[in-house]
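K.L.:
My structure is stored as input_34.tsv, with TSV, C-alpha atoms and all ligand atoms.
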```tsv
chain	number	residue	atom	x	y	z
W	427	MET	CA	46.98	-37.67	37.50
W	428	LYS	CA	50.37	-39.32	37.31
W	429	LEU	CA	52.01	-36.03	36.38
W	430	SER	CA	50.42	-34.16	39.29
W	431	LEU	CA	51.57	-36.89	41.69
W	432	PHE	CA	55.07	-36.59	40.22
W	433	LEU	CA	55.03	-32.80	40.68
W	434	LEU	CA	53.72	-33.19	44.22
W	435	LEU	CA	56.60	-35.54	45.03
W	436	ILE	CA	59.10	-33.10	43.52
W	437	SER	CA	57.74	-30.16	45.51
W	438	PHE	CA	57.74	-32.29	48.68
W	439	ASN	CA	61.39	-33.17	48.09
W	440	LEU	CA	62.32	-29.54	47.45
W	441	ASN	CA	60.73	-28.50	50.73
W	442	ALA	CA	62.46	-31.31	52.54
W	443	ALA	CA	65.78	-29.87	51.43
W	444	MET	CA	65.18	-26.48	52.99
W	445	LYS	CA	68.04	-25.65	55.35
W	446	VAL	CA	67.62	-22.58	57.52
W	447	ALA	CA	69.88	-20.57	59.84
W	448	LEU	CA	68.07	-18.55	62.49
W	449	THR	CA	69.24	-15.04	63.42
W	450	VAL	CA	67.74	-12.41	65.75
W	451	ASP	CA	68.09	-8.63	65.57
W	452	ASP	CA	67.97	-5.77	68.08
W	453	LEU	CA	69.41	-7.46	71.16
W	454	PRO	CA	68.96	-7.01	74.08
W	455	ALA	CA	65.56	-5.30	73.95
W	456	SER	CA	63.65	-5.50	70.68
W	457	GLY	CA	60.32	-3.67	70.45
W	458	LYS	CA	58.20	-2.31	73.25
W	459	ASP	CA	58.04	-3.67	76.79
W	460	VAL	CA	54.94	-5.77	77.42
W	461	LYS	CA	53.17	-5.87	80.78
W	462	GLY	CA	53.96	-9.06	82.66
W	463	TYR	CA	56.95	-9.96	80.47
W	464	ASP	CA	60.39	-9.45	81.97
W	465	ARG	CA	63.27	-9.07	79.48
W	466	LEU	CA	65.45	-11.59	81.27
W	467	LYS	CA	62.66	-14.15	81.39
W	468	ILE	CA	61.92	-13.46	77.72
W	469	VAL	CA	65.48	-14.30	76.64
W	470	ASP	CA	65.56	-17.37	78.91
W	471	ASP	CA	62.26	-18.65	77.51
W	472	PHE	CA	63.40	-17.92	73.97
W	473	THR	CA	66.67	-19.83	74.38
W	474	SER	CA	64.84	-22.70	76.14
W	475	ALA	CA	62.53	-23.08	73.12
W	476	LEU	CA	65.61	-23.07	70.86
W	477	LYS	CA	67.21	-25.78	72.98
W	478	LYS	CA	64.04	-27.87	73.08
W	479	ASN	CA	63.92	-27.79	69.27
W	480	LYS	CA	67.67	-28.39	68.94
W	481	VAL	CA	68.31	-25.06	67.21
W	482	LYS	CA	71.95	-24.22	67.93
W	483	GLY	CA	74.35	-21.40	67.07
W	484	VAL	CA	71.94	-18.51	66.51
W	485	TYR	CA	73.49	-15.12	65.66
W	486	GLY	CA	72.04	-12.27	67.73
W	487	PHE	CA	72.75	-8.72	66.55
W	488	LEU	CA	73.35	-6.07	69.17
W	489	ASN	CA	72.40	-2.41	69.46
W	490	GLY	CA	74.65	-1.15	72.25
W	491	VAL	CA	72.39	1.81	73.05
W	492	GLN	CA	69.83	-0.63	74.45
W	493	ALA	CA	72.32	-2.06	76.92
W	494	VAL	CA	75.01	0.38	78.10
W	495	HIS	CA	74.76	1.28	81.79
W	496	GLN	CA	71.65	-0.92	82.13
W	497	GLU	CA	72.56	-3.83	84.40
W	498	LYS	CA	69.50	-5.94	83.66
W	499	ARG	CA	69.88	-5.65	79.92
W	500	LEU	CA	73.57	-6.48	80.13
W	501	LYS	CA	72.44	-9.62	81.93
W	502	VAL	CA	70.27	-10.46	78.92
W	503	LEU	CA	73.44	-10.51	76.81
W	504	LYS	CA	75.17	-12.73	79.37
W	505	HIS	CA	72.27	-15.20	79.35
W	506	TRP	CA	72.22	-15.19	75.55
W	507	LYS	CA	75.93	-15.99	75.38
W	508	LYS	CA	75.68	-18.59	78.13
W	509	SER	CA	73.15	-20.46	76.00
W	510	GLY	CA	75.85	-20.95	73.37
W	511	HIS	CA	74.72	-18.39	70.79
W	512	TYR	CA	76.69	-15.66	68.99
W	513	LEU	CA	76.75	-11.87	69.11
W	514	GLY	CA	77.29	-9.65	66.09
W	515	ASN	CA	77.11	-5.96	65.21
W	516	HIS	CA	73.87	-4.14	64.29
W	517	THR	CA	75.14	-0.54	64.86
W	518	PHE	CA	75.10	1.26	68.20
W	519	SER	CA	71.78	3.10	67.98
W	520	HIS	CA	69.92	1.41	65.13
W	521	LYS	CA	69.86	4.34	62.72
W	522	GLY	CA	69.28	3.30	59.10
W	523	LEU	CA	71.89	3.88	56.42
W	524	THR	CA	69.43	5.88	54.28
W	525	LYS	CA	69.17	8.51	57.02
W	526	SER	CA	72.91	8.49	57.83
W	527	THR	CA	76.03	9.74	56.09
W	528	ILE	CA	78.80	7.23	55.37
W	529	GLU	CA	80.87	8.73	58.22
W	530	GLU	CA	77.99	8.57	60.73
W	531	TYR	CA	77.27	4.96	59.84
W	532	LYS	CA	80.92	3.94	60.23
W	533	GLN	CA	80.96	5.55	63.68
W	534	GLU	CA	77.77	3.66	64.59
W	535	ILE	CA	79.49	0.38	63.71
W	536	GLU	CA	82.67	1.21	65.62
W	537	ARG	CA	80.91	2.52	68.69
W	538	ASN	CA	79.09	-0.79	69.05
W	539	GLU	CA	82.35	-2.75	69.09
W	540	SER	CA	83.42	-1.45	72.49
W	541	LEU	CA	80.46	-3.22	74.11
W	542	LEU	CA	80.51	-6.29	71.86
W	543	ILE	CA	84.09	-7.00	72.79
W	544	ASP	CA	83.04	-7.59	76.43
W	545	TYR	CA	80.57	-10.31	75.45
W	546	ALA	CA	81.62	-12.00	72.21
W	547	ASP	CA	84.10	-14.89	72.45
W	548	SER	CA	86.38	-13.50	69.76
W	549	ILE	CA	86.94	-10.56	67.41
W	550	LYS	CA	85.92	-12.85	64.54
W	551	GLU	CA	82.59	-13.52	66.24
W	552	LEU	CA	81.66	-9.86	66.67
W	553	LYS	CA	82.71	-8.98	63.11
W	554	VAL	CA	79.48	-10.16	61.56
W	555	PHE	CA	77.28	-7.27	60.52
W	556	ARG	CA	73.54	-6.99	59.99
W	557	TYR	CA	72.37	-3.80	58.26
W	558	THR	CA	69.72	-1.88	60.21
W	559	TYR	CA	66.31	-2.07	58.45
W	560	LEU	CA	68.30	-4.11	55.88
W	561	GLU	CA	69.15	-0.77	54.21
W	562	GLU	CA	72.38	-1.18	52.20
W	563	GLY	CA	72.49	2.32	50.72
W	564	GLU	CA	70.34	4.38	48.39
W	565	THR	CA	73.31	5.64	46.33
W	566	LYS	CA	76.27	3.86	44.78
W	567	GLU	CA	78.62	5.93	46.96
W	568	LYS	CA	76.90	4.86	50.17
W	569	ARG	CA	76.49	1.21	49.21
W	570	TYR	CA	80.14	0.78	48.27
W	571	GLY	CA	81.46	3.25	50.84
W	572	ILE	CA	80.13	1.07	53.65
W	573	ARG	CA	80.81	-2.23	51.92
W	574	SER	CA	84.46	-1.42	51.32
W	575	TYR	CA	84.78	-0.21	54.93
W	576	LEU	CA	83.27	-3.49	56.19
W	577	ALA	CA	85.53	-5.53	53.91
W	578	ARG	CA	88.66	-3.64	55.02
W	579	ARG	CA	87.79	-4.35	58.63
W	580	ASN	CA	87.12	-8.04	57.97
W	581	TYR	CA	83.39	-7.90	58.55
W	582	ARG	CA	81.05	-10.50	57.06
W	583	ILE	CA	77.60	-9.21	56.08
W	584	ALA	CA	74.78	-11.35	57.45
W	585	GLN	CA	72.09	-11.28	54.79
W	586	VAL	CA	68.42	-12.20	55.25
W	587	THR	CA	66.44	-14.43	52.89
W	588	LEU	CA	63.42	-15.15	55.09
W	589	ASP	CA	61.72	-12.39	57.05
W	590	THR	CA	58.76	-13.19	59.31
W	591	SER	CA	57.95	-9.49	60.03
W	592	ASP	CA	57.28	-10.68	63.59
W	593	TRP	CA	57.38	-7.07	64.91
W	594	TYR	CA	54.03	-6.54	63.19
W	595	TRP	CA	52.16	-8.61	65.83
W	596	LEU	CA	53.75	-7.08	68.94
W	597	GLU	CA	51.40	-4.10	69.42
W	598	ALA	CA	48.24	-6.24	69.25
W	599	PHE	CA	49.87	-8.89	71.46
W	600	SER	CA	50.73	-6.27	74.04
W	601	LYS	CA	47.06	-5.25	74.20
W	602	CYS	CA	45.95	-8.88	74.63
W	603	ALA	CA	48.63	-9.54	77.27
W	604	SER	CA	47.64	-6.48	79.33
W	605	LYS	CA	44.09	-7.88	79.48
W	606	SER	CA	45.31	-11.47	79.98
W	607	ASP	CA	43.15	-12.31	76.98
W	608	LYS	CA	44.38	-15.83	76.23
W	609	GLU	CA	41.94	-16.31	73.37
W	610	GLY	CA	43.21	-13.16	71.66
W	611	MET	CA	46.83	-14.22	72.19
W	612	GLU	CA	46.12	-17.59	70.58
W	613	LYS	CA	44.40	-15.87	67.62
W	614	LEU	CA	47.50	-13.75	67.07
W	615	LYS	CA	49.74	-16.79	67.26
W	616	LYS	CA	47.67	-18.56	64.61
W	617	SER	CA	47.71	-15.50	62.39
W	618	PHE	CA	51.52	-15.31	62.69
W	619	LEU	CA	52.02	-19.01	62.00
W	620	ASP	CA	49.73	-18.93	58.94
W	621	TYR	CA	51.44	-15.88	57.47
W	622	SER	CA	55.00	-17.08	58.20
W	623	SER	CA	54.38	-20.45	56.64
W	624	LEU	CA	53.07	-18.83	53.43
W	625	ASN	CA	55.84	-16.24	53.35
W	626	ILE	CA	58.67	-18.70	53.95
W	627	ASN	CA	57.35	-21.00	51.24
W	628	TYR	CA	57.00	-18.06	48.87
W	629	SER	CA	60.57	-16.87	49.48
W	630	ASP	CA	61.96	-20.38	49.07
W	631	LYS	CA	60.12	-20.89	45.77
W	632	LEU	CA	61.28	-17.49	44.58
W	633	ALA	CA	64.90	-18.27	45.48
W	634	LYS	CA	64.72	-21.57	43.58
W	635	MET	CA	63.34	-19.74	40.52
W	636	ILE	CA	66.18	-17.17	40.66
W	637	TRP	CA	69.15	-19.41	41.41
W	638	GLY	CA	67.76	-22.72	40.17
W	639	LYS	CA	68.69	-24.54	43.39
W	640	SER	CA	68.08	-24.54	47.14
W	641	ILE	CA	69.91	-21.73	48.85
W	642	PRO	CA	71.41	-21.53	52.37
W	643	HIS	CA	68.53	-19.61	53.95
W	644	ILE	CA	68.92	-17.06	56.73
W	645	LEU	CA	65.80	-16.31	58.75
W	646	LEU	CA	65.33	-13.04	60.63
W	647	MET	CA	63.42	-12.81	63.91
W	648	HIS	CA	63.38	-10.58	66.99
W	649	ILE	CA	63.26	-11.55	70.66
W	650	ASN	CA	60.26	-10.01	72.38
W	651	ALA	CA	57.20	-11.03	74.39
W	652	PHE	CA	55.28	-12.09	71.27
W	653	THR	CA	58.00	-14.14	69.56
W	654	THR	CA	58.81	-15.88	72.83
W	655	TYR	CA	55.12	-16.77	73.12
W	656	VAL	CA	55.05	-18.32	69.62
W	657	LEU	CA	58.59	-19.66	69.15
W	658	ASP	CA	58.09	-23.29	70.16
W	659	ASP	CA	55.05	-23.71	67.89
W	660	PHE	CA	56.79	-21.82	65.10
W	661	LEU	CA	59.86	-24.08	65.15
W	662	ILE	CA	57.70	-27.21	65.37
W	663	LEU	CA	55.67	-26.02	62.36
W	664	LEU	CA	58.75	-25.31	60.25
W	665	LYS	CA	60.25	-28.70	61.04
W	666	LYS	CA	56.94	-30.33	60.09
W	667	GLU	CA	57.15	-28.47	56.76
W	668	GLY	CA	60.57	-29.96	56.05
W	669	VAL	CA	62.89	-27.29	57.42
W	670	SER	CA	66.07	-28.32	59.18
W	671	PHE	CA	68.09	-25.81	61.18
W	672	VAL	CA	71.82	-25.30	60.90
W	673	ASP	CA	74.36	-23.29	62.89
W	674	SER	CA	73.94	-19.74	61.58
W	675	LYS	CA	77.70	-19.30	60.98
W	676	LYS	CA	77.50	-22.03	58.36
W	677	HIS	CA	75.10	-20.03	56.20
W	678	ILE	CA	76.31	-16.51	56.95
W	679	PHE	CA	79.82	-17.47	55.77
W	680	ASP	CA	78.59	-19.59	52.84
W	681	LYS	CA	80.18	-18.49	49.56
W	682	PHE	CA	76.67	-18.16	48.13
W	683	TYR	CA	76.60	-14.72	49.80
W	684	ASP	CA	79.79	-13.58	48.04
W	685	GLU	CA	77.53	-12.43	45.21
W	686	ASP	CA	77.02	-8.66	45.19
W	687	THR	CA	73.38	-8.07	44.23
W	688	THR	CA	74.26	-4.39	43.40
W	689	PHE	CA	70.94	-3.41	44.95
W	690	ILE	CA	70.64	0.34	45.46
W	691	HIS	CA	67.47	1.50	47.19
W	692	GLU	CA	66.29	3.71	50.06
W	693	HIS	CA	64.37	0.77	51.57
W	694	GLY	CA	65.86	-2.48	52.84
W	695	LYS	CA	64.92	-5.76	51.17
W	696	THR	CA	65.80	-9.40	51.67
W	697	TYR	CA	68.65	-10.84	49.61
W	698	VAL	CA	66.12	-12.81	47.53
W	699	GLN	CA	64.10	-9.69	46.80
W	700	GLN	CA	67.31	-7.77	45.96
W	701	ALA	CA	68.34	-10.43	43.45
W	702	LEU	CA	64.85	-10.48	41.93
W	703	GLU	CA	64.85	-6.72	41.40
W	704	THR	CA	68.40	-6.26	40.13
W	705	ARG	CA	67.99	-9.16	37.69
W	706	LYS	CA	64.72	-7.55	36.58
W	707	LEU	CA	62.89	-10.86	36.85
W	708	VAL	CA	59.11	-11.21	36.97
W	709	PHE	CA	57.39	-14.46	37.95
W	710	LYS	CA	53.72	-13.84	37.31
W	711	ASN	CA	52.50	-16.99	39.04
W	712	LEU	CA	54.30	-16.28	42.29
W	713	LYS	CA	52.42	-13.88	44.54
W	714	GLN	CA	53.97	-12.49	47.69
W	715	PRO	CA	51.63	-13.06	50.68
W	716	GLN	CA	50.37	-9.88	52.33
W	717	LEU	CA	50.53	-9.21	56.08
W	718	PRO	CA	47.16	-9.94	57.71
W	719	LYS	CA	44.92	-6.92	58.19
W	720	GLN	CA	43.03	-5.64	61.24
W	721	LEU	CA	45.09	-7.22	63.99
W	722	ASP	CA	43.99	-4.25	66.09
W	723	THR	CA	40.42	-5.58	66.20
W	724	ILE	CA	41.69	-8.50	68.31
W	725	CYS	CA	41.53	-7.78	72.09
W	726	ASN	CA	39.70	-4.51	71.61
R	801	ZN	ZN	67.17	-4.05	63.66
```
Do you think you could lay out the structure here as C-alpha cells?
Ligand SMILES: [Zn+2]

P.N.:
Amino acid sequence: MKLSLFLLLISFNLNAAMKVALTVDDLPASGKDVKGYDRLKIVDDFTSALKKNKVKGVYGFLNGVQAVHQEKRLKVLKHWKKSGHYLGNHTFSHKGLTKSTIEEYKQEIERNESLLIDYADSIKELKVFRYTYLEEGETKEKRYGIRSYLARRNYRIAQVTLDTSDWYWLEAFSKCASKSDKEGMEKLKKSFLDYSSLNINYSDKLAKMIWGKSIPHILLMHINAFTTYVLDDFLILLKKEGVSFVDSKKHIFDKFYDEDTTFIHEHGKTYVQQALETRKLVFKNLKQPQLPKQLDTICN
C-alpha cells in the first residue's frame, strides 16, 4: 500500500514536470474546407484560444502553395503573425521526401522562402524546418543529403515528440458540421480528447524510458475547423494533467535535439519513435494507444 502510494506520487510528479511546446503544420489552410467555417475566422478563433490559455510563441509551418495569389489566405498568415506567433518552412507544396529526389526537395524548401520572407520577422525565424509527413529520408543519401543542405543554410529542424493525429477527426467532423449535429460534434471532441490524453501520456512515458529524464516536448497540431472547435478544451485538459506550455523556440532550439537518431525509413515517425527504433529498444509493458475506430458512424 505504502509502495503504491509512493509510486503514485512519483508518477504524479513526473507528469507535473511535462513541458510542452506547441507547433502547427500546413498553414494557412490545413485539411479540407468545412461548411460554415471560414479560414480567417478559424485562425482567429484558434489564436484566441491560445491567448485565453496563455500559450505563446507557437511555430506555424507554411506551405506556400496554399497561399500564393490567394488574398484571403495571405490574410490568414497576417493574422497569425499579428497574434505574436512564428512562421517556419514546411516546403512549398507539401510533397514528402520519400517521393522526392534530393534536388526536388531542396527546390521545395527554397521556393517557400520567397513567400516566408514577406511574413516572418527575420531570416532566423523562417529558417526553422518541419519535414513534410515527418519523412526524413528512406536512404542514407537522402537523409544526409537534405540534412547537410539544411545545416549549410543554417536551418534548425523542428522535431515532433507528441502527435495528436488531429487530421483523423476532420472528415467525420465535417459531416457533423454540415448537418449542424451538435451532439455528434461533441462526441468527436470527447473521442479526440480521450485519445490525445492517452497518446501524450504514452509518448511521455516512452521518452522517459529511453532518455531517463523528462524531455523538451514538441507537440504537433493542425489548424482546421475541428481543432479550432476542440482547442480550448484540449489545452485545459493538458494543463489539468500537469502540462505547462513554453515558447516553441525554446524547445526547438534545445540542445536535446542535436542528437541524430540516424533513423532511415520511408515513413515519418516522431523523434521518440525514431529513437526507440534505432536503439532497438522494446518495452513490453508500454502499449501505444490505437486511433479510435468507426468515427464514420457518427453523424451518419
Ligand atoms: Zn504537413

K.L.:
Which is closest to Arg582 of chain W among W:Gln720, W:Ser456, W:Asn515, W:Thr473, if we use all atoms listed in the file?

P.N.:
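Closest to Arg582 of chain W, using all atoms listed in the file: W:Asn515.
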
K.L.:
So which residues are close to (66.7, -6.6, 39.9), meaning at most 12 Å away in the file's coordinates with all atoms listed in the file counted, and can you show them as a VMD selection string?

P.N.:
chain W and resid 636 686 to 691 695 697 to 708

K.L.:
What residues have any atom no more than 10 Å from ligand ZN 801 (chain R) when counting all atoms listed in the file, and can you list them as a list of chain:residue names?

P.N.:
W:Val450, W:Asp451, W:Asp452, W:Leu453, W:Ser456, W:Gly457, W:Phe487, W:Leu488, W:Asn489, W:His516, W:Thr517, W:Ser519, W:His520, W:Lys521, W:Gly522, W:Arg556, W:Tyr557, W:Thr558, W:Tyr559, W:Leu560, W:Leu646, W:Met647, W:His648

K.L.:
Which of these residues is nearest to Asp470 of chain W, using all atoms listed in the file: W:Asn726, W:Ser674, W:Thr654, W:Ser540?

P.N.:
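Result for the nearest residue to Asp470 of chain W: W:Thr654.
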
K.L.:
Find, counting all atoms listed in the file, the residue in W:Trp595, W:Tyr581, W:Tyr621, W:Tyr575 that gets nearest to Val554 of chain W.

P.N.:
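Selected residue with least distance to Val554 of chain W: W:Tyr581.
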
K.L.:
So how far away is atom CA of Asn479 of chain W from atom CA of Ile644 of chain W, in Å?

P.N.:
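Result for atom CA of Ile644 of chain W versus atom CA of Asn479 of chain W: 17.2 Å, one decimal.
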
K.L.:
Considering all atoms listed in the file, give me a table of residues in segment 595-673 of chain W that are at most 10 Å from segment 459-469 of chain W, with the closest atom pair and distance in Å for each, as a Markdown table.

P.N.:
```
| residue | atom | partner | partner_atom | distance |
| --- | --- | --- | --- | --- |
| W:Leu596 | CA | W:Val460 | CA | 8.7 |
| W:Glu597 | CA | W:Val460 | CA | 8.9 |
| W:Phe599 | CA | W:Val460 | CA | 8.4 |
| W:Ser600 | CA | W:Val460 | CA | 5.4 |
| W:Lys601 | CA | W:Val460 | CA | 8.5 |
| W:Cys602 | CA | W:Val460 | CA | 9.9 |
| W:Ala603 | CA | W:Lys461 | CA | 6.8 |
| W:Ser604 | CA | W:Lys461 | CA | 5.7 |
| W:Lys605 | CA | W:Lys461 | CA | 9.4 |
| W:Ser606 | CA | W:Gly462 | CA | 9.4 |
| W:Ile649 | CA | W:Val469 | CA | 6.9 |
| W:Asn650 | CA | W:Ile468 | CA | 6.6 |
| W:Ala651 | CA | W:Tyr463 | CA | 6.2 |
| W:Phe652 | CA | W:Val460 | CA | 8.8 |
| W:Thr653 | CA | W:Ile468 | CA | 9.1 |
| W:Thr654 | CA | W:Ile468 | CA | 6.3 |
| W:Tyr655 | CA | W:Ile468 | CA | 8.9 |
```

K.L.:
Which residue, W:Phe518, W:Phe472, W:Trp593, W:Tyr512, has the smallest gap to Asp658 of chain W when you use only C-alpha atoms?

P.N.:
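For Asp658 of chain W, the nearest of the candidates is W:Phe472.
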